[in-house]
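For reference, protein_4.pdb is printed below; it contains PDB, N, CA and C atoms.
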```pdb
ATOM      1  N   MET P 157      60.537  55.316 -64.335
ATOM      2  CA  MET P 157      60.250  53.960 -64.746
ATOM      3  C   MET P 157      60.746  52.994 -63.670
ATOM      4  N   ILE P 158      59.970  51.993 -63.327
ATOM      5  CA  ILE P 158      60.326  50.997 -62.324
ATOM      6  C   ILE P 158      60.821  49.750 -63.032
ATOM      7  N   HIS P 159      61.941  49.275 -62.598
ATOM      8  CA  HIS P 159      62.522  48.059 -63.164
ATOM      9  C   HIS P 159      62.166  46.911 -62.228
ATOM     10  N   LEU P 160      61.292  46.010 -62.649
ATOM     11  CA  LEU P 160      60.779  44.951 -61.794
ATOM     12  C   LEU P 160      61.770  43.821 -61.551
ATOM     13  N   ASN P 161      62.709  43.617 -62.446
ATOM     14  CA  ASN P 161      63.670  42.539 -62.284
ATOM     15  C   ASN P 161      64.967  43.081 -61.702
ATOM     16  N   MET P 162      64.867  43.753 -60.566
ATOM     17  CA  MET P 162      66.060  44.366 -59.996
ATOM     18  C   MET P 162      66.915  43.368 -59.234
ATOM     19  N   PHE P 163      66.393  42.189 -58.923
ATOM     20  CA  PHE P 163      67.166  41.158 -58.246
ATOM     21  C   PHE P 163      67.430  40.020 -59.211
ATOM     22  N   GLY P 164      68.679  39.860 -59.596
ATOM     23  CA  GLY P 164      69.062  38.723 -60.417
ATOM     24  C   GLY P 164      69.225  37.514 -59.522
ATOM     25  N   PRO P 165      69.551  36.353 -60.067
ATOM     26  CA  PRO P 165      69.685  35.149 -59.249
ATOM     27  C   PRO P 165      70.700  35.295 -58.112
ATOM     28  N   ALA P 166      71.829  35.901 -58.368
ATOM     29  CA  ALA P 166      72.853  36.043 -57.320
ATOM     30  C   ALA P 166      72.387  36.984 -56.221
ATOM     31  N   LYS P 167      71.808  38.110 -56.605
ATOM     32  CA  LYS P 167      71.345  39.073 -55.604
ATOM     33  C   LYS P 167      70.182  38.495 -54.811
ATOM     34  N   THR P 168      69.328  37.740 -55.448
ATOM     35  CA  THR P 168      68.192  37.133 -54.750
ATOM     36  C   THR P 168      68.695  36.159 -53.692
ATOM     37  N   GLY P 169      69.713  35.374 -54.027
ATOM     38  CA  GLY P 169      70.277  34.430 -53.068
ATOM     39  C   GLY P 169      70.887  35.126 -51.866
ATOM     40  N   ILE P 170      71.602  36.207 -52.097
ATOM     41  CA  ILE P 170      72.201  36.974 -51.000
ATOM     42  C   ILE P 170      71.111  37.583 -50.140
ATOM     43  N   PHE P 171      70.078  38.114 -50.768
ATOM     44  CA  PHE P 171      68.964  38.711 -50.036
ATOM     45  C   PHE P 171      68.266  37.653 -49.176
ATOM     46  N   ALA P 172      68.031  36.477 -49.727
ATOM     47  CA  ALA P 172      67.384  35.400 -48.978
ATOM     48  C   ALA P 172      68.252  34.961 -47.808
ATOM     49  N   ALA P 173      69.567  34.895 -48.014
ATOM     50  CA  ALA P 173      70.469  34.516 -46.928
ATOM     51  C   ALA P 173      70.440  35.554 -45.814
ATOM     52  N   ALA P 174      70.376  36.819 -46.167
ATOM     53  CA  ALA P 174      70.316  37.883 -45.160
ATOM     54  C   ALA P 174      69.036  37.784 -44.340
ATOM     55  N   ILE P 175      67.944  37.488 -44.999
ATOM     56  CA  ILE P 175      66.671  37.336 -44.287
ATOM     57  C   ILE P 175      66.745  36.138 -43.352
ATOM     58  N   THR P 176      67.300  35.032 -43.825
ATOM     59  CA  THR P 176      67.420  33.831 -43.006
ATOM     60  C   THR P 176      68.290  34.085 -41.786
ATOM     61  N   LEU P 177      69.433  34.731 -41.952
ATOM     62  CA  LEU P 177      70.298  35.027 -40.810
ATOM     63  C   LEU P 177      69.603  35.931 -39.811
ATOM     64  N   GLY P 178      68.905  36.920 -40.286
ATOM     65  CA  GLY P 178      68.172  37.820 -39.399
ATOM     66  C   GLY P 178      67.099  37.091 -38.627
ATOM     67  N   THR P 179      66.442  36.153 -39.257
ATOM     68  CA  THR P 179      65.391  35.389 -38.603
ATOM     69  C   THR P 179      65.975  34.475 -37.535
ATOM     70  N   CYS P 180      67.103  33.847 -37.825
ATOM     71  CA  CYS P 180      67.717  32.940 -36.857
ATOM     72  C   CYS P 180      68.179  33.687 -35.614
ATOM     73  N   SER P 181      68.807  34.820 -35.777
ATOM     74  CA  SER P 181      69.300  35.547 -34.613
ATOM     75  C   SER P 181      68.152  36.104 -33.785
ATOM     76  N   ALA P 182      67.014  36.341 -34.385
ATOM     77  CA  ALA P 182      65.869  36.849 -33.644
ATOM     78  C   ALA P 182      65.258  35.785 -32.747
ATOM     79  N   ALA P 183      65.593  34.516 -32.979
ATOM     80  CA  ALA P 183      65.044  33.435 -32.177
ATOM     81  C   ALA P 183      65.632  33.421 -30.771
ATOM     82  N   PHE P 184      66.772  34.046 -30.574
ATOM     83  CA  PHE P 184      67.412  34.081 -29.272
ATOM     84  C   PHE P 184      67.186  35.442 -28.632
ATOM     85  N   ALA P 185      66.898  35.423 -27.333
ATOM     86  CA  ALA P 185      66.645  36.673 -26.625
ATOM     87  C   ALA P 185      67.549  36.751 -25.404
ATOM     88  N   GLN P 186      68.285  37.823 -25.312
ATOM     89  CA  GLN P 186      69.091  38.045 -24.119
ATOM     90  C   GLN P 186      68.285  38.938 -23.192
ATOM     91  N   PHE P 187      67.961  38.427 -22.031
ATOM     92  CA  PHE P 187      67.152  39.175 -21.086
ATOM     93  C   PHE P 187      68.022  40.140 -20.291
ATOM     94  N   GLU P 188      67.426  41.263 -19.907
ATOM     95  CA  GLU P 188      68.136  42.314 -19.190
ATOM     96  C   GLU P 188      67.376  42.692 -17.933
ATOM     97  N   VAL P 189      68.047  43.434 -17.052
ATOM     98  CA  VAL P 189      67.414  43.923 -15.826
ATOM     99  C   VAL P 189      66.159  44.705 -16.191
ATOM    100  N   GLY P 190      65.067  44.384 -15.500
ATOM    101  CA  GLY P 190      63.790  45.051 -15.750
ATOM    102  C   GLY P 190      62.838  44.245 -16.607
ATOM    103  N   ASP P 191      63.351  43.265 -17.361
ATOM    104  CA  ASP P 191      62.481  42.406 -18.164
ATOM    105  C   ASP P 191      61.671  41.505 -17.240
ATOM    106  N   THR P 192      60.450  41.198 -17.609
ATOM    107  CA  THR P 192      59.598  40.328 -16.811
ATOM    108  C   THR P 192      59.628  38.914 -17.375
ATOM    109  N   LEU P 193      59.981  37.944 -16.508
ATOM    110  CA  LEU P 193      60.041  36.538 -16.914
ATOM    111  C   LEU P 193      58.908  35.715 -16.334
ATOM    112  N   GLY P 194      58.377  36.130 -15.204
ATOM    113  CA  GLY P 194      57.299  35.392 -14.549
ATOM    114  C   GLY P 194      57.556  35.316 -13.060
ATOM    115  N   GLN P 195      56.520  34.915 -12.311
ATOM    116  CA  GLN P 195      56.637  34.877 -10.859
ATOM    117  C   GLN P 195      56.856  33.472 -10.308
ATOM    118  N   SER P 196      56.591  32.457 -11.091
ATOM    119  CA  SER P 196      56.820  31.087 -10.637
ATOM    120  C   SER P 196      58.001  30.489 -11.382
ATOM    121  N   VAL P 197      58.538  29.411 -10.826
ATOM    122  CA  VAL P 197      59.668  28.737 -11.458
ATOM    123  C   VAL P 197      59.288  28.264 -12.851
ATOM    124  N   SER P 198      58.095  27.730 -13.011
ATOM    125  CA  SER P 198      57.686  27.224 -14.330
ATOM    126  C   SER P 198      57.521  28.358 -15.348
ATOM    127  N   GLU P 199      57.001  29.500 -14.928
ATOM    128  CA  GLU P 199      56.872  30.649 -15.839
ATOM    129  C   GLU P 199      58.252  31.170 -16.251
ATOM    130  N   ILE P 200      59.150  31.278 -15.288
ATOM    131  CA  ILE P 200      60.501  31.770 -15.570
ATOM    132  C   ILE P 200      61.223  30.805 -16.501
ATOM    133  N   ALA P 201      61.147  29.514 -16.195
ATOM    134  CA  ALA P 201      61.799  28.510 -17.044
ATOM    135  C   ALA P 201      61.234  28.552 -18.459
ATOM    136  N   GLY P 202      59.927  28.683 -18.577
ATOM    137  CA  GLY P 202      59.293  28.758 -19.895
ATOM    138  C   GLY P 202      59.753  29.978 -20.687
ATOM    139  N   SER P 203      59.854  31.122 -20.027
ATOM    140  CA  SER P 203      60.313  32.344 -20.689
ATOM    141  C   SER P 203      61.754  32.205 -21.176
ATOM    142  N   LEU P 204      62.601  31.647 -20.315
ATOM    143  CA  LEU P 204      64.006  31.478 -20.694
ATOM    144  C   LEU P 204      64.164  30.475 -21.831
ATOM    145  N   GLU P 205      63.472  29.359 -21.746
ATOM    146  CA  GLU P 205      63.571  28.350 -22.809
ATOM    147  C   GLU P 205      63.027  28.880 -24.129
ATOM    148  N   ALA P 206      61.959  29.661 -24.070
ATOM    149  CA  ALA P 206      61.411  30.265 -25.294
ATOM    150  C   ALA P 206      62.403  31.261 -25.898
ATOM    151  N   GLY P 207      63.262  31.843 -25.056
ATOM    152  CA  GLY P 207      64.281  32.772 -25.523
ATOM    153  C   GLY P 207      65.559  32.090 -25.983
ATOM    154  N   GLY P 208      65.585  30.756 -25.959
ATOM    155  CA  GLY P 208      66.730  30.025 -26.453
ATOM    156  C   GLY P 208      67.720  29.583 -25.390
ATOM    157  N   TYR P 209      67.427  29.851 -24.131
ATOM    158  CA  TYR P 209      68.330  29.472 -23.048
ATOM    159  C   TYR P 209      68.197  27.986 -22.720
ATOM    160  N   GLU P 210      69.319  27.384 -22.323
ATOM    161  CA  GLU P 210      69.329  26.032 -21.785
ATOM    162  C   GLU P 210      69.533  26.178 -20.285
ATOM    163  N   ILE P 211      68.569  25.777 -19.502
ATOM    164  CA  ILE P 211      68.629  25.955 -18.049
ATOM    165  C   ILE P 211      69.458  24.840 -17.432
ATOM    166  N   ARG P 212      70.408  25.234 -16.577
ATOM    167  CA  ARG P 212      71.267  24.275 -15.888
ATOM    168  C   ARG P 212      70.827  24.064 -14.446
ATOM    169  N   GLU P 213      70.394  25.151 -13.779
ATOM    170  CA  GLU P 213      70.019  25.049 -12.374
ATOM    171  C   GLU P 213      69.116  26.218 -11.994
ATOM    172  N   ILE P 214      68.168  25.939 -11.106
ATOM    173  CA  ILE P 214      67.306  26.990 -10.562
ATOM    174  C   ILE P 214      67.294  26.842  -9.048
ATOM    175  N   ASP P 215      67.645  27.920  -8.345
ATOM    176  CA  ASP P 215      67.620  27.950  -6.886
ATOM    177  C   ASP P 215      66.559  28.948  -6.447
ATOM    178  N   VAL P 216      65.675  28.485  -5.571
ATOM    179  CA  VAL P 216      64.630  29.360  -5.048
ATOM    180  C   VAL P 216      65.028  29.779  -3.644
ATOM    181  N   GLU P 217      65.149  31.088  -3.453
ATOM    182  CA  GLU P 217      65.455  31.638  -2.144
ATOM    183  C   GLU P 217      64.287  32.509  -1.705
ATOM    184  N   ARG P 218      64.354  32.992  -0.500
ATOM    185  CA  ARG P 218      63.234  33.750   0.051
ATOM    186  C   ARG P 218      62.913  35.008  -0.748
ATOM    187  N   ASN P 219      63.934  35.748  -1.162
ATOM    188  CA  ASN P 219      63.679  37.029  -1.829
ATOM    189  C   ASN P 219      64.110  37.062  -3.293
ATOM    190  N   ARG P 220      64.517  35.912  -3.846
ATOM    191  CA  ARG P 220      64.882  35.889  -5.271
ATOM    192  C   ARG P 220      64.948  34.459  -5.783
ATOM    193  N   ILE P 221      64.877  34.346  -7.092
ATOM    194  CA  ILE P 221      65.063  33.077  -7.781
ATOM    195  C   ILE P 221      66.309  33.235  -8.640
ATOM    196  N   GLU P 222      67.273  32.331  -8.467
ATOM    197  CA  GLU P 222      68.525  32.390  -9.222
ATOM    198  C   GLU P 222      68.550  31.264 -10.253
ATOM    199  N   ILE P 223      68.866  31.625 -11.474
ATOM    200  CA  ILE P 223      68.891  30.658 -12.559
ATOM    201  C   ILE P 223      70.269  30.663 -13.196
ATOM    202  N   GLU P 224      70.853  29.496 -13.373
ATOM    203  CA  GLU P 224      72.072  29.338 -14.156
ATOM    204  C   GLU P 224      71.637  28.785 -15.501
ATOM    205  N   ALA P 225      72.003  29.489 -16.576
ATOM    206  CA  ALA P 225      71.556  29.090 -17.907
ATOM    207  C   ALA P 225      72.624  29.417 -18.943
ATOM    208  N   ILE P 226      72.502  28.771 -20.092
ATOM    209  CA  ILE P 226      73.447  28.983 -21.190
ATOM    210  C   ILE P 226      72.676  29.479 -22.403
ATOM    211  N   LEU P 227      73.216  30.511 -23.054
ATOM    212  CA  LEU P 227      72.659  31.034 -24.297
ATOM    213  C   LEU P 227      73.796  31.155 -25.299
ATOM    214  N   GLU P 228      73.686  30.443 -26.388
ATOM    215  CA  GLU P 228      74.693  30.467 -27.459
ATOM    216  C   GLU P 228      76.110  30.270 -26.923
ATOM    217  N   GLY P 229      76.286  29.315 -25.995
ATOM    218  CA  GLY P 229      77.607  28.992 -25.464
ATOM    219  C   GLY P 229      78.074  29.866 -24.321
ATOM    220  N   THR P 230      77.335  30.888 -23.971
ATOM    221  CA  THR P 230      77.711  31.784 -22.875
ATOM    222  C   THR P 230      76.877  31.446 -21.643
ATOM    223  N   LYS P 231      77.543  31.299 -20.495
ATOM    224  CA  LYS P 231      76.853  30.975 -19.248
ATOM    225  C   LYS P 231      76.413  32.260 -18.545
ATOM    226  N   TYR P 232      75.169  32.257 -18.080
ATOM    227  CA  TYR P 232      74.604  33.405 -17.383
ATOM    228  C   TYR P 232      74.059  32.975 -16.031
ATOM    229  N   GLU P 233      74.101  33.896 -15.075
ATOM    230  CA  GLU P 233      73.372  33.750 -13.822
ATOM    231  C   GLU P 233      72.350  34.884 -13.811
ATOM    232  N   ILE P 234      71.098  34.514 -13.749
ATOM    233  CA  ILE P 234      70.006  35.486 -13.823
ATOM    234  C   ILE P 234      69.240  35.430 -12.511
ATOM    235  N   LYS P 235      69.035  36.596 -11.916
ATOM    236  CA  LYS P 235      68.295  36.671 -10.655
ATOM    237  C   LYS P 235      66.972  37.378 -10.906
ATOM    238  N   VAL P 236      65.892  36.775 -10.385
ATOM    239  CA  VAL P 236      64.536  37.274 -10.614
ATOM    240  C   VAL P 236      63.851  37.517  -9.276
ATOM    241  N   ASP P 237      63.143  38.638  -9.167
ATOM    242  CA  ASP P 237      62.321  38.941  -7.994
ATOM    243  C   ASP P 237      61.021  38.148  -8.130
ATOM    244  N   PRO P 238      60.739  37.216  -7.216
ATOM    245  CA  PRO P 238      59.543  36.398  -7.363
ATOM    246  C   PRO P 238      58.226  37.162  -7.179
ATOM    247  N   LYS P 239      58.278  38.311  -6.514
ATOM    248  CA  LYS P 239      57.055  39.101  -6.321
ATOM    249  C   LYS P 239      56.635  39.820  -7.591
ATOM    250  N   SER P 240      57.608  40.417  -8.291
ATOM    251  CA  SER P 240      57.289  41.172  -9.507
ATOM    252  C   SER P 240      57.511  40.355 -10.776
ATOM    253  N   GLY P 241      58.346  39.321 -10.690
ATOM    254  CA  GLY P 241      58.683  38.529 -11.867
ATOM    255  C   GLY P 241      59.730  39.178 -12.745
ATOM    256  N   GLN P 242      60.312  40.287 -12.269
ATOM    257  CA  GLN P 242      61.296  41.017 -13.063
ATOM    258  C   GLN P 242      62.720  40.561 -12.781
ATOM    259  N   VAL P 243      63.541  40.647 -13.828
ATOM    260  CA  VAL P 243      64.965  40.347 -13.710
ATOM    261  C   VAL P 243      65.595  41.467 -12.873
ATOM    262  N   ILE P 244      66.322  41.104 -11.813
ATOM    263  CA  ILE P 244      66.959  42.115 -10.976
ATOM    264  C   ILE P 244      68.477  42.149 -11.182
ATOM    265  N   LYS P 245      69.040  41.066 -11.786
ATOM    266  CA  LYS P 245      70.474  41.050 -12.046
ATOM    267  C   LYS P 245      70.789  39.990 -13.094
ATOM    268  N   VAL P 246      71.714  40.310 -13.984
ATOM    269  CA  VAL P 246      72.216  39.353 -14.968
ATOM    270  C   VAL P 246      73.732  39.412 -14.919
ATOM    271  N   GLU P 247      74.358  38.260 -14.710
ATOM    272  CA  GLU P 247      75.811  38.178 -14.640
ATOM    273  C   GLU P 247      76.311  37.106 -15.581
ATOM    274  N   LEU P 248      77.484  37.341 -16.161
ATOM    275  CA  LEU P 248      78.157  36.276 -16.897
ATOM    276  C   LEU P 248      78.742  35.344 -15.855
ATOM    277  N   ASP P 249      78.573  34.079 -16.056
ATOM    278  CA  ASP P 249      79.022  33.094 -15.069
ATOM    279  C   ASP P 249      80.299  32.433 -15.512
TER     280      ASP P 249
END
```
Representation of the structure as structure tokens:
Amino acid sequence: MIHLNMFGPAKTGIFAAAITLGTCSAAFAQFEVGDTLGQSVSEIAGSLEAGGYEIREIDVERNRIEIEAILEGTKYEIKVDPKSGQVIKVELD
């Protein structure tokens, strides 16, 4: 026999809170070596901002693009290969 009212008001509230917390944390993305962000500064900035990062500085060098950004209060330095668009290094700053 299936009991359809298995969630009372208290359990329903806890379940809804768990779903909400899971949804909020999914809005932020921590990028790792090998992830593709894009080949241009605008593509990289767009990818990082969509992942919840606040960009502080972007330096374009001959063989890499370096980005200083903050995610949830933590400062990161992310280096991207402009030819492939892939993250080549992530450091806590």
**Asked** Got a sec to resolve the PyMOL selection byres (((chain P and resi 212 and name CA) around 6) and name CA) on this structure and send the residues as number ranges by chain?
**Response** P: 211, 213, 224-225
**Asked** Excluding same-chain residues fewer than 5 positions from Glu222 in chain P, what lies within 6 Å of it counting only C-alpha atoms, as number ranges by chain?
**Response** P: 214-215, 234-235
**Request:** Please run DSSP on the backbone and report, as a count of residues only, all residues within range 182-239 of chain P that come out as alpha helix (DSSP H).
**Result:** 11
**Request:** With the file shown as input, list the residues that the PyMOL selection byres ((chain P and resi 219) around 7) selects, as a PyMOL selection string.
**Result:** chain P and resi 216-218+220-221+236-239
Could you save the residues just selected, with N, CA and C atoms, as an mmCIF file, in the frame of the given file?
```cif
data_model
loop_
_atom_site.group_PDB
_atom_site.id
_atom_site.type_symbol
_atom_site.label_atom_id
_atom_site.label_comp_id
_atom_site.auth_asym_id
_atom_site.auth_seq_id
_atom_site.Cartn_x
_atom_site.Cartn_y
_atom_site.Cartn_z
ATOM 1 N N VAL P 216 65.675 28.485 -5.571
ATOM 2 C CA VAL P 216 64.630 29.360 -5.048
ATOM 3 C C VAL P 216 65.028 29.779 -3.644
ATOM 4 N N GLU P 217 65.149 31.088 -3.453
ATOM 5 C CA GLU P 217 65.455 31.638 -2.144
ATOM 6 C C GLU P 217 64.287 32.509 -1.705
ATOM 7 N N ARG P 218 64.354 32.992 -0.500
ATOM 8 C CA ARG P 218 63.234 33.750 0.051
ATOM 9 C C ARG P 218 62.913 35.008 -0.748
ATOM 10 N N ARG P 220 64.517 35.912 -3.846
ATOM 11 C CA ARG P 220 64.882 35.889 -5.271
ATOM 12 C C ARG P 220 64.948 34.459 -5.783
ATOM 13 N N ILE P 221 64.877 34.346 -7.092
ATOM 14 C CA ILE P 221 65.063 33.077 -7.781
ATOM 15 C C ILE P 221 66.309 33.235 -8.640
ATOM 16 N N VAL P 236 65.892 36.775 -10.385
ATOM 17 C CA VAL P 236 64.536 37.274 -10.614
ATOM 18 C C VAL P 236 63.851 37.517 -9.276
ATOM 19 N N ASP P 237 63.143 38.638 -9.167
ATOM 20 C CA ASP P 237 62.321 38.941 -7.994
ATOM 21 C C ASP P 237 61.021 38.148 -8.130
ATOM 22 N N PRO P 238 60.739 37.216 -7.216
ATOM 23 C CA PRO P 238 59.543 36.398 -7.363
ATOM 24 C C PRO P 238 58.226 37.162 -7.179
ATOM 25 N N LYS P 239 58.278 38.311 -6.514
ATOM 26 C CA LYS P 239 57.055 39.101 -6.321
ATOM 27 C C LYS P 239 56.635 39.820 -7.591
#
```
**Asked** CA of Glu210 in chain P to CA of Gly194 in chain P: how many Å, to one decimal?
**Response** 16.9 Å
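Note that the spacing between CA of Ile200 in chain P and atom N of Ser240 in chain P amounts to 11.7 Å.
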**Request:** Could you give me, as a list in words, the residues that sit within 9 Å of (73.9, 33.9, -27.5) in the file's coordinates, counting only C-alpha atoms?
**Result:** Ser181, Phe184, Ala185, Gln186, Gly208, Tyr209, Ile226, Leu227, Glu228, Gly229 and Thr230 of chain P
Can you write just those residues out, N, CA and C atoms, as a PDB file, in the coordinates of the input?
```pdb
ATOM      1  N   SER P 181      68.807  34.820 -35.777  1.00  0.00           N
ATOM      2  CA  SER P 181      69.300  35.547 -34.613  1.00  0.00           C
ATOM      3  C   SER P 181      68.152  36.104 -33.785  1.00  0.00           C
ATOM      4  N   PHE P 184      66.772  34.046 -30.574  1.00  0.00           N
ATOM      5  CA  PHE P 184      67.412  34.081 -29.272  1.00  0.00           C
ATOM      6  C   PHE P 184      67.186  35.442 -28.632  1.00  0.00           C
ATOM      7  N   ALA P 185      66.898  35.423 -27.333  1.00  0.00           N
ATOM      8  CA  ALA P 185      66.645  36.673 -26.625  1.00  0.00           C
ATOM      9  C   ALA P 185      67.549  36.751 -25.404  1.00  0.00           C
ATOM     10  N   GLN P 186      68.285  37.823 -25.312  1.00  0.00           N
ATOM     11  CA  GLN P 186      69.091  38.045 -24.119  1.00  0.00           C
ATOM     12  C   GLN P 186      68.285  38.938 -23.192  1.00  0.00           C
ATOM     13  N   GLY P 208      65.585  30.756 -25.959  1.00  0.00           N
ATOM     14  CA  GLY P 208      66.730  30.025 -26.453  1.00  0.00           C
ATOM     15  C   GLY P 208      67.720  29.583 -25.390  1.00  0.00           C
ATOM     16  N   TYR P 209      67.427  29.851 -24.131  1.00  0.00           N
ATOM     17  CA  TYR P 209      68.330  29.472 -23.048  1.00  0.00           C
ATOM     18  C   TYR P 209      68.197  27.986 -22.720  1.00  0.00           C
ATOM     19  N   ILE P 226      72.502  28.771 -20.092  1.00  0.00           N
ATOM     20  CA  ILE P 226      73.447  28.983 -21.190  1.00  0.00           C
ATOM     21  C   ILE P 226      72.676  29.479 -22.403  1.00  0.00           C
ATOM     22  N   LEU P 227      73.216  30.511 -23.054  1.00  0.00           N
ATOM     23  CA  LEU P 227      72.659  31.034 -24.297  1.00  0.00           C
ATOM     24  C   LEU P 227      73.796  31.155 -25.299  1.00  0.00           C
ATOM     25  N   GLU P 228      73.686  30.443 -26.388  1.00  0.00           N
ATOM     26  CA  GLU P 228      74.693  30.467 -27.459  1.00  0.00           C
ATOM     27  C   GLU P 228      76.110  30.270 -26.923  1.00  0.00           C
ATOM     28  N   GLY P 229      76.286  29.315 -25.995  1.00  0.00           N
ATOM     29  CA  GLY P 229      77.607  28.992 -25.464  1.00  0.00           C
ATOM     30  C   GLY P 229      78.074  29.866 -24.321  1.00  0.00           C
ATOM     31  N   THR P 230      77.335  30.888 -23.971  1.00  0.00           N
ATOM     32  CA  THR P 230      77.711  31.784 -22.875  1.00  0.00           C
ATOM     33  C   THR P 230      76.877  31.446 -21.643  1.00  0.00           C
TER      34      THR P 230
END
```
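One finds CA of Leu204 in chain P at 12.7 Å from CA of Val246 in chain P.
Closest to Leu248 in chain P among P:Glu205, P:Ile223, P:Lys231, P:Ser196 is P:Lys231, based on only N, CA and C atoms.
Residues with any atom within 8 Å of the point (64.3, 45.8, -12.1), counting all atoms listed in the file, are Glu188, Val189, Gly190, Asp191, Asp237, Gln242, Val243, Ile244 and Lys245 of chain P.
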Give me the box for range 213-222 of chain P as JSON, namely the centre and edge lengths in Å to one decimal of a box along x, y and z that holds every listed atom plus 6 Å on each side.
```
{"center_x": 66.7, "center_y": 31.1, "center_z": -6.9, "size_x": 19.5, "size_y": 24.0, "size_z": 25.8}
```
